[in-house]
$ cat final-v6.cif   # mmCIF, C-alpha atoms
data_data
#
loop_
_atom_site.label_atom_id
_atom_site.label_comp_id
_atom_site.auth_asym_id
_atom_site.auth_seq_id
_atom_site.Cartn_x
_atom_site.Cartn_y
_atom_site.Cartn_z
CA MET X 1 0.00 0.00 0.00
CA MET X 2 1.03 3.58 -0.58
CA ALA X 3 1.71 5.66 2.46
CA ALA X 4 0.42 9.18 2.60
CA SER X 5 2.93 11.76 1.41
CA TRP X 6 1.05 14.67 2.91
CA SER X 7 -0.06 15.71 6.36
CA PHE X 8 -2.24 18.43 7.79
CA SER X 9 -3.99 18.97 11.08
CA GLY X 10 -7.53 18.09 11.96
CA ILE X 11 -8.24 21.81 12.41
CA THR X 12 -7.17 22.44 8.82
CA ALA X 13 -9.42 19.62 7.61
CA VAL X 14 -12.41 20.91 9.61
CA ALA X 15 -11.84 24.47 8.38
CA ALA X 16 -11.65 23.25 4.77
CA CYS X 17 -14.89 21.30 5.18
CA ALA X 18 -16.62 24.32 6.71
CA ALA X 19 -15.43 26.45 3.79
CA MET X 20 -16.78 23.96 1.25
CA ALA X 21 -20.14 23.82 3.06
CA VAL X 22 -20.46 27.61 3.09
CA PHE X 23 -19.36 27.84 -0.54
CA TYR X 24 -21.92 25.19 -1.61
CA VAL X 25 -24.71 27.42 -0.26
CA ALA X 26 -23.25 30.86 -1.03
CA ILE X 27 -22.71 30.16 -4.71
CA LEU X 28 -26.45 29.55 -5.12
CA TYR X 29 -27.00 33.29 -4.68
CA SER X 30 -24.13 34.40 -6.91
CA PRO X 31 -26.14 34.87 -10.15
CA THR X 32 -28.11 37.79 -8.70
CA LEU X 33 -25.75 39.09 -5.99
CA LEU X 34 -22.40 38.86 -7.80
CA LEU X 35 -23.15 38.48 -11.52
CA ARG X 36 -26.05 40.94 -11.29
CA LEU X 37 -28.23 38.82 -13.51
CA PRO X 38 -31.93 39.74 -13.63
CA PRO X 39 -34.21 37.69 -11.38
CA PRO X 40 -35.39 34.43 -12.98
CA THR X 41 -38.79 34.66 -14.61
CA SER X 42 -39.90 31.08 -13.88
CA ILE X 43 -39.25 28.21 -11.50
CA GLU X 44 -37.53 26.39 -14.37
CA SER X 45 -34.99 29.16 -14.98
CA PHE X 46 -34.51 29.60 -11.23
CA MET X 47 -33.73 25.90 -10.73
CA LEU X 48 -31.50 25.70 -13.80
CA ARG X 49 -29.37 28.49 -12.35
CA ARG X 50 -29.10 26.60 -9.10
CA PHE X 51 -28.22 23.40 -10.93
CA ALA X 52 -25.34 25.17 -12.65
CA CYS X 53 -24.17 26.67 -9.35
CA ALA X 54 -24.29 23.27 -7.60
CA VAL X 55 -22.26 21.65 -10.37
CA VAL X 56 -19.66 24.43 -10.30
CA SER X 57 -19.45 24.20 -6.51
CA SER X 58 -18.92 20.43 -6.69
CA LEU X 59 -16.14 20.73 -9.27
CA ILE X 60 -14.36 23.47 -7.32
CA SER X 61 -14.64 21.42 -4.10
CA LEU X 62 -13.11 18.41 -5.86
CA VAL X 63 -10.18 20.50 -7.08
CA PHE X 64 -9.77 22.23 -3.71
CA SER X 65 -9.76 19.00 -1.72
CA SER X 66 -7.40 17.30 -4.18
CA PHE X 67 -4.99 20.22 -3.73
CA LEU X 68 -5.06 19.77 0.04
CA LEU X 69 -4.64 16.01 -0.28
CA GLY X 70 -1.79 16.43 -2.72
CA VAL X 71 -3.22 14.04 -5.30
CA GLY X 72 -3.41 16.40 -8.24
CA ASP X 73 0.12 16.52 -9.59
CA PHE X 74 1.60 13.07 -9.58
CA MET X 75 -1.18 10.53 -9.72
CA GLU X 76 -3.20 9.20 -12.61
CA LEU X 77 -6.84 10.21 -12.94
CA PRO X 78 -8.32 6.79 -11.94
CA VAL X 79 -6.31 6.87 -8.71
CA ILE X 80 -7.46 10.42 -7.98
CA LEU X 81 -11.07 9.44 -8.59
CA ASN X 82 -10.67 6.45 -6.27
CA VAL X 83 -9.84 8.83 -3.44
CA TYR X 84 -13.31 10.31 -3.89
CA GLY X 85 -14.97 6.90 -4.17
CA ILE X 86 -15.67 7.40 -7.87
CA ARG X 87 -15.03 3.88 -9.12
CA SER X 88 -16.33 1.45 -11.71
CA ASP X 89 -15.47 -1.75 -9.84
CA HIS X 90 -18.06 -3.38 -7.57
CA ALA X 91 -20.71 -1.16 -9.17
CA TRP X 92 -23.70 -3.45 -8.68
CA GLN X 93 -22.82 -4.05 -5.03
CA ALA X 94 -22.67 -0.28 -4.44
CA VAL X 95 -26.21 0.02 -5.83
CA VAL X 96 -28.02 -3.12 -4.68
CA PHE X 97 -26.81 -3.60 -1.11
CA PRO X 98 -27.37 0.01 0.10
CA LEU X 99 -30.74 0.07 -1.70
CA LEU X 100 -31.94 -3.12 -0.01
CA LEU X 101 -30.55 -2.05 3.34
CA THR X 102 -32.21 1.37 3.16
CA GLY X 103 -35.45 -0.24 2.00
CA LEU X 104 -35.73 -2.06 5.33
CA LEU X 105 -36.37 1.28 7.01
CA TYR X 106 -39.40 1.69 4.74
CA THR X 107 -41.00 -1.67 5.44
CA GLY X 108 -43.85 0.13 7.18
CA SER X 109 -44.26 2.41 4.17
CA PHE X 110 -44.40 -0.54 1.78
CA VAL X 111 -46.97 -2.35 3.93
CA SER X 112 -49.05 0.84 4.28
CA ARG X 113 -49.12 1.33 0.52
CA SER X 114 -49.98 -2.34 0.00
CA LEU X 115 -52.93 -2.03 2.40
CA LEU X 116 -54.04 1.11 0.59
CA PHE X 117 -53.91 -0.76 -2.72
CA ILE X 118 -55.93 -3.68 -1.33
CA HIS X 119 -58.50 -1.27 0.13
CA ALA X 120 -58.83 0.53 -3.22
CA TRP X 121 -59.18 -2.78 -5.06
CA LYS X 122 -61.88 -4.10 -2.74
CA GLY X 123 -63.72 -0.79 -2.86
CA SER X 124 -63.67 -0.57 -6.65
CA ARG X 125 -67.15 -0.02 -8.03
CA ASP X 126 -66.15 -1.24 -11.46
CA GLY X 127 -65.52 -4.79 -10.28
CA LEU X 128 -61.95 -4.72 -11.52
CA SER X 129 -59.88 -7.84 -11.07
CA PHE X 130 -56.78 -7.76 -8.91
CA GLY X 131 -54.59 -7.97 -12.03
CA ALA X 132 -56.41 -5.13 -13.76
CA CYS X 133 -56.11 -2.95 -10.67
CA LEU X 134 -52.40 -3.74 -10.41
CA CYS X 135 -51.89 -2.91 -14.09
CA GLY X 136 -53.61 0.42 -13.50
CA ILE X 137 -51.19 1.25 -10.71
CA VAL X 138 -48.21 0.27 -12.88
CA GLU X 139 -49.53 2.45 -15.69
CA ARG X 140 -49.90 5.42 -13.34
CA CYS X 141 -46.37 4.86 -12.06
CA ILE X 142 -45.03 4.88 -15.62
CA GLN X 143 -46.97 8.05 -16.39
CA GLY X 144 -45.61 9.65 -13.21
CA ALA X 145 -42.05 8.69 -14.15
CA CYS X 146 -42.49 10.17 -17.62
CA SER X 147 -43.88 13.42 -16.25
CA SER X 148 -41.01 13.61 -13.74
CA ALA X 149 -38.53 13.51 -16.61
CA SER X 150 -39.63 17.01 -17.55
CA ASP X 151 -40.19 18.23 -13.99
CA VAL X 152 -37.36 20.50 -12.84
CA LEU X 153 -38.14 19.83 -9.17
CA ALA X 154 -37.85 16.09 -9.75
CA TRP X 155 -34.45 16.65 -11.32
CA ARG X 156 -33.43 18.62 -8.24
CA ASN X 157 -34.66 16.03 -5.75
CA TYR X 158 -33.58 12.85 -7.56
CA VAL X 159 -30.52 13.84 -9.61
CA VAL X 160 -28.75 17.14 -8.95
CA ALA X 161 -29.09 17.42 -5.17
CA PRO X 162 -28.16 13.80 -4.33
CA ILE X 163 -25.16 13.72 -6.66
CA THR X 164 -23.69 17.14 -5.87
CA GLU X 165 -24.35 16.92 -2.13
CA GLU X 166 -22.78 13.49 -1.80
CA LEU X 167 -19.78 14.58 -3.87
CA VAL X 168 -19.15 17.61 -1.68
CA PHE X 169 -20.25 16.46 1.78
CA ARG X 170 -19.04 12.89 1.56
CA ALA X 171 -16.53 12.37 -1.28
CA CYS X 172 -14.62 15.64 -0.71
CA MET X 173 -14.93 16.07 3.03
CA ILE X 174 -14.48 12.58 4.46
CA PRO X 175 -11.04 11.89 2.91
CA LEU X 176 -9.87 15.27 4.23
CA LEU X 177 -11.11 14.50 7.72
CA LEU X 178 -9.58 11.03 7.66
CA CYS X 179 -6.23 12.37 6.52
CA GLY X 180 -6.54 15.08 9.16
CA GLY X 181 -6.36 12.40 11.81
CA LEU X 182 -10.02 12.08 12.79
CA THR X 183 -11.33 8.57 13.39
CA ALA X 184 -14.00 6.97 11.25
CA TYR X 185 -16.40 6.97 14.19
CA SER X 186 -15.97 10.67 14.96
CA ILE X 187 -16.33 11.55 11.27
CA THR X 188 -19.54 9.52 10.96
CA PHE X 189 -21.18 11.53 13.73
CA PHE X 190 -19.41 14.86 13.25
CA SER X 191 -19.34 15.47 9.49
CA PRO X 192 -23.15 15.59 9.06
CA ILE X 193 -23.06 18.90 10.94
CA PHE X 194 -21.64 20.47 7.77
CA PHE X 195 -24.43 18.82 5.78
CA SER X 196 -27.15 20.15 8.09
CA LEU X 197 -25.68 23.66 8.28
CA ALA X 198 -25.80 23.83 4.50
CA HIS X 199 -29.60 23.74 4.82
CA LEU X 200 -29.83 26.79 7.12
CA ASN X 201 -30.37 29.01 4.10
CA HIS X 202 -33.86 27.49 3.89
CA PHE X 203 -34.72 29.40 7.08
CA LEU X 204 -33.73 32.70 5.49
CA GLU X 205 -35.75 31.89 2.38
CA LEU X 206 -38.83 30.96 4.41
CA TYR X 207 -38.55 33.94 6.77
CA TYR X 208 -37.52 36.73 4.42
CA GLN X 209 -38.74 35.65 0.99
CA GLN X 210 -41.87 33.61 1.75
CA ARG X 211 -42.79 35.72 4.80
CA TYR X 212 -43.25 32.85 7.24
CA ASN X 213 -43.32 33.93 10.88
CA PHE X 214 -40.14 33.24 12.84
CA TRP X 215 -41.33 30.24 14.84
CA LYS X 216 -43.03 28.52 11.94
CA ALA X 217 -39.87 28.87 9.82
CA PHE X 218 -37.79 27.74 12.80
CA LEU X 219 -39.87 24.60 13.36
CA ILE X 220 -39.86 23.68 9.66
CA VAL X 221 -36.11 24.10 9.28
CA GLY X 222 -35.41 22.56 12.69
CA ASN X 223 -37.31 19.43 11.69
CA GLN X 224 -35.41 19.36 8.40
CA LEU X 225 -32.07 19.75 10.16
CA GLY X 226 -32.94 16.84 12.42
CA TYR X 227 -33.45 14.32 9.67
CA THR X 228 -30.60 15.69 7.56
CA ILE X 229 -28.26 14.96 10.48
CA ILE X 230 -29.68 11.45 10.86
CA PHE X 231 -29.37 10.79 7.14
CA GLY X 232 -25.90 12.34 7.18
CA TRP X 233 -24.81 9.79 9.80
CA TYR X 234 -26.03 6.99 7.57
CA ALA X 235 -24.57 8.41 4.35
CA SER X 236 -21.18 9.01 6.00
CA PHE X 237 -21.24 5.47 7.37
CA LEU X 238 -21.99 4.07 3.90
CA PHE X 239 -19.22 6.07 2.26
CA ILE X 240 -16.59 5.13 4.84
CA ARG X 241 -17.56 1.46 4.88
CA THR X 242 -17.94 0.97 1.11
CA GLY X 243 -15.39 3.45 -0.23
CA ASN X 244 -17.81 4.11 -3.08
CA VAL X 245 -19.73 7.37 -3.47
CA VAL X 246 -22.47 5.55 -5.40
CA ALA X 247 -23.66 3.93 -2.15
CA PRO X 248 -24.73 7.16 -0.39
CA ILE X 249 -26.01 8.62 -3.67
CA VAL X 250 -28.35 5.65 -4.15
CA ALA X 251 -29.54 5.89 -0.54
CA HIS X 252 -30.04 9.65 -0.93
CA ILE X 253 -32.15 9.28 -4.07
CA PHE X 254 -34.23 6.50 -2.54
CA CYS X 255 -34.92 8.48 0.64
CA ASN X 256 -35.90 11.55 -1.38
CA MET X 257 -38.34 9.43 -3.36
CA MET X 258 -39.88 7.77 -0.30
CA GLY X 259 -39.91 10.68 2.15
CA LEU X 260 -40.04 9.96 5.87
CA PRO X 261 -40.74 6.32 6.82
CA VAL X 262 -44.32 5.46 7.77
CA PHE X 263 -44.51 3.85 11.22
CA SER X 264 -48.26 3.85 11.87
CA SER X 265 -51.52 3.80 9.93
CA PRO X 266 -55.23 3.73 10.81
CA ARG X 267 -55.56 0.69 8.57
CA GLY X 268 -54.23 -2.76 9.38
CA LYS X 269 -54.72 -2.78 13.18
CA GLY X 270 -51.07 -2.18 13.99
CA ILE X 271 -49.59 -4.25 11.17
CA VAL X 272 -47.83 -1.18 9.77
CA THR X 273 -46.24 -0.42 13.13
CA VAL X 274 -45.13 -4.03 13.56
CA SER X 275 -43.74 -4.06 9.99
CA PHE X 276 -41.85 -0.84 10.64
CA ALA X 277 -40.36 -2.26 13.86
CA VAL X 278 -39.34 -5.48 12.10
CA GLY X 279 -37.76 -3.50 9.27
CA VAL X 280 -35.79 -1.30 11.65
CA ALA X 281 -34.60 -4.36 13.57
CA GLY X 282 -33.51 -5.98 10.32
CA PHE X 283 -31.74 -2.78 9.28
CA PHE X 284 -29.59 -2.67 12.41
CA LYS X 285 -29.03 -6.42 12.25
CA LEU X 286 -27.67 -6.19 8.70
CA LEU X 287 -26.06 -2.74 8.91
CA PHE X 288 -22.50 -3.99 9.32
CA PRO X 289 -22.72 -7.32 7.42
CA ALA X 290 -24.29 -5.64 4.36
CA THR X 291 -21.60 -2.94 4.30
CA ARG X 292 -18.51 -5.08 4.82
CA PRO X 293 -15.65 -3.29 3.04
CA ASP X 294 -14.52 -6.46 1.26
CA LEU X 295 -17.89 -6.59 -0.52
CA PHE X 296 -17.23 -3.24 -2.17
CA ASN X 297 -13.50 -2.70 -2.41
CA ASP X 298 -10.61 -5.09 -2.93
CA LYS X 299 -8.15 -2.34 -1.97
CA THR X 300 -9.15 -1.97 1.67
CA ASP X 301 -7.60 -4.01 4.45
CA ASP X 302 -10.34 -4.67 7.00
CA CYS X 303 -11.28 -0.99 6.77
CA SER X 304 -7.92 0.02 8.25
CA CYS X 305 -7.14 2.54 5.55
CA TRP X 306 -8.78 4.76 2.98
CA HIS X 307 -7.75 3.22 -0.34
CA GLY X 308 -4.25 2.84 1.09
CA TYR X 309 -3.77 6.51 1.85
CA CYS X 310 -4.89 7.29 5.38
CA ASN X 311 -4.94 5.07 8.43
CA TRP X 312 -8.00 5.21 10.66
#

$ encode --input "final-v6.cif" --output "structure tokens"
Amino acid sequence: MMAASWSFSGITAVAACAAMAVFYVAILYSPTLLLRLPPPTSIESFMLRRFACAVVSSLISLVFSSFLLGVGDFMELPVILNVYGIRSDHAWQAVVFPLLLTGLLYTGSFVSRSLLFIHAWKGSRDGLSFGACLCGIVERCIQGACSSASDVLAWRNYVVAPITEELVFRACMIPLLLCGGLTAYSITFFSPIFFSLAHLNHFLELYYQQRYNFWKAFLIVGNQLGYTIIFGWYASFLFIRTGNVVAPIVAHIFCNMMGLPVFSSPRGKGIVTVSFAVGVAGFFKLLFPATRPDLFNDKTDDCSCWHGYCNW
């Protein structure tokens, strides 16, 4: 394995991560504040500007972190990309295992939707067969997917935000923190603070732009910060364990699609709650076995290094 040829303090790593988090948010306002562009005339033009800013921020963060890590001058591109978990090997494992693992948290949601489907089928006045009702649901899902392809908000929630956020807040920050001497455990619980702070701008938008009262905006953003921290713990854990940025991206997209897990429902006499509890138990039971580093990366040695660069 290659030993690290660079060193910097944990304070430097934390400061760099804080700078990237602030920059990821600040650049979103640059078109009007710095470039003096006229205000966007539609939600589509507004989101397209933000997409461009998020992409630019991600690229600059990649270059900035590679400069600090010292991987930009003497290593080949595939090796540099490996540092960020951008790899082509073990691709299906990085997609399937995190997806199935994350899906366990939504067992209650799946059962709730199944009960809703059964209720709708039994209550159908047209006497539709089970197969016909199921085909109708599949058809509506296909139509919804097609309409989402042209929906700018769907592109934000399911493509741009998951990819750019995981690149910046996981792929760029975690290698810096590891090489700064922080342990994997402290990074898992500490680094999501940067991720949650990057959502504080939502408070300003709600309070100043949408004219929400202070406490309503505070409660909305506070709730959002809570689950972004929880998801950040999970996403950081996935990235450190798998060494592949695809794993947290897949989990991020799936969670955005599903929303918050359903843990109770008036239908089913508690079956949704029981299903949720069983799913959560299965999630924690399989959390470490399903993310064993050797399943995702031949280059790790019992998770004792980060692609051979930093010991942790």

$ atom_distance --input "final-v6.cif" --atom1 "atom CA of Gly108 of chain X" --atom2 "atom CA of Val262 of chain X"
5.4 Å

$ resolve_selection --input "final-v6.cif" --expression "the PyMOL selection byres ((chain X and resi 177-188) around 6)" --output "PDB file with C-alpha atoms, in the frame of the given file"
ATOM      1  CA  PHE X   8      -2.240  18.430   7.790  1.00  0.00           C
ATOM      2  CA  SER X   9      -3.990  18.970  11.080  1.00  0.00           C
ATOM      3  CA  GLY X  10      -7.530  18.090  11.960  1.00  0.00           C
ATOM      4  CA  ALA X  13      -9.420  19.620   7.610  1.00  0.00           C
ATOM      5  CA  ILE X 174     -14.480  12.580   4.460  1.00  0.00           C
ATOM      6  CA  PRO X 175     -11.040  11.890   2.910  1.00  0.00           C
ATOM      7  CA  LEU X 176      -9.870  15.270   4.230  1.00  0.00           C
ATOM      8  CA  PHE X 189     -21.180  11.530  13.730  1.00  0.00           C
ATOM      9  CA  PHE X 190     -19.410  14.860  13.250  1.00  0.00           C
ATOM     10  CA  SER X 191     -19.340  15.470   9.490  1.00  0.00           C
ATOM     11  CA  TRP X 233     -24.810   9.790   9.800  1.00  0.00           C
ATOM     12  CA  SER X 236     -21.180   9.010   6.000  1.00  0.00           C
ATOM     13  CA  PHE X 237     -21.240   5.470   7.370  1.00  0.00           C
ATOM     14  CA  CYS X 310      -4.890   7.290   5.380  1.00  0.00           C
ATOM     15  CA  TRP X 312      -8.000   5.210  10.660  1.00  0.00           C
TER      16      TRP X 312
END

$ residues_near_point --input "final-v6.cif" --point "(-21.5, 21.8, 3.5)" --cutoff "10 Å" --atoms "only C-alpha atoms" --output "ChimeraX atom specification"
/X:17-25,165-166,168-170,173,191-199

$ resolve_selection --input "final-v6.cif" --expression "the PyMOL selection byres ((chain X and resi 101) around 12)" --output "PyMOL selection string"
chain X and resi 93-100+102-107+234+238+247-248+250-251+254-255+279-291

$ atom_distance --input "final-v6.cif" --atom1 "atom CA of Gly243 of chain X" --atom2 "atom CA of Leu77 of chain X"
16.7 Å

$ closest_residue --input "final-v6.cif" --among "X:Val159, X:Leu69, X:Ile86, X:Ala145" --to "Val246 of chain X" --atoms "all atoms listed in the file"
X:Ile86

$ closest_residue --input "final-v6.cif" --among "X:Val71, X:Ala217, X:Met47, X:Leu206" --to "Val152 of chain X" --atoms "all atoms listed in the file"
X:Met47
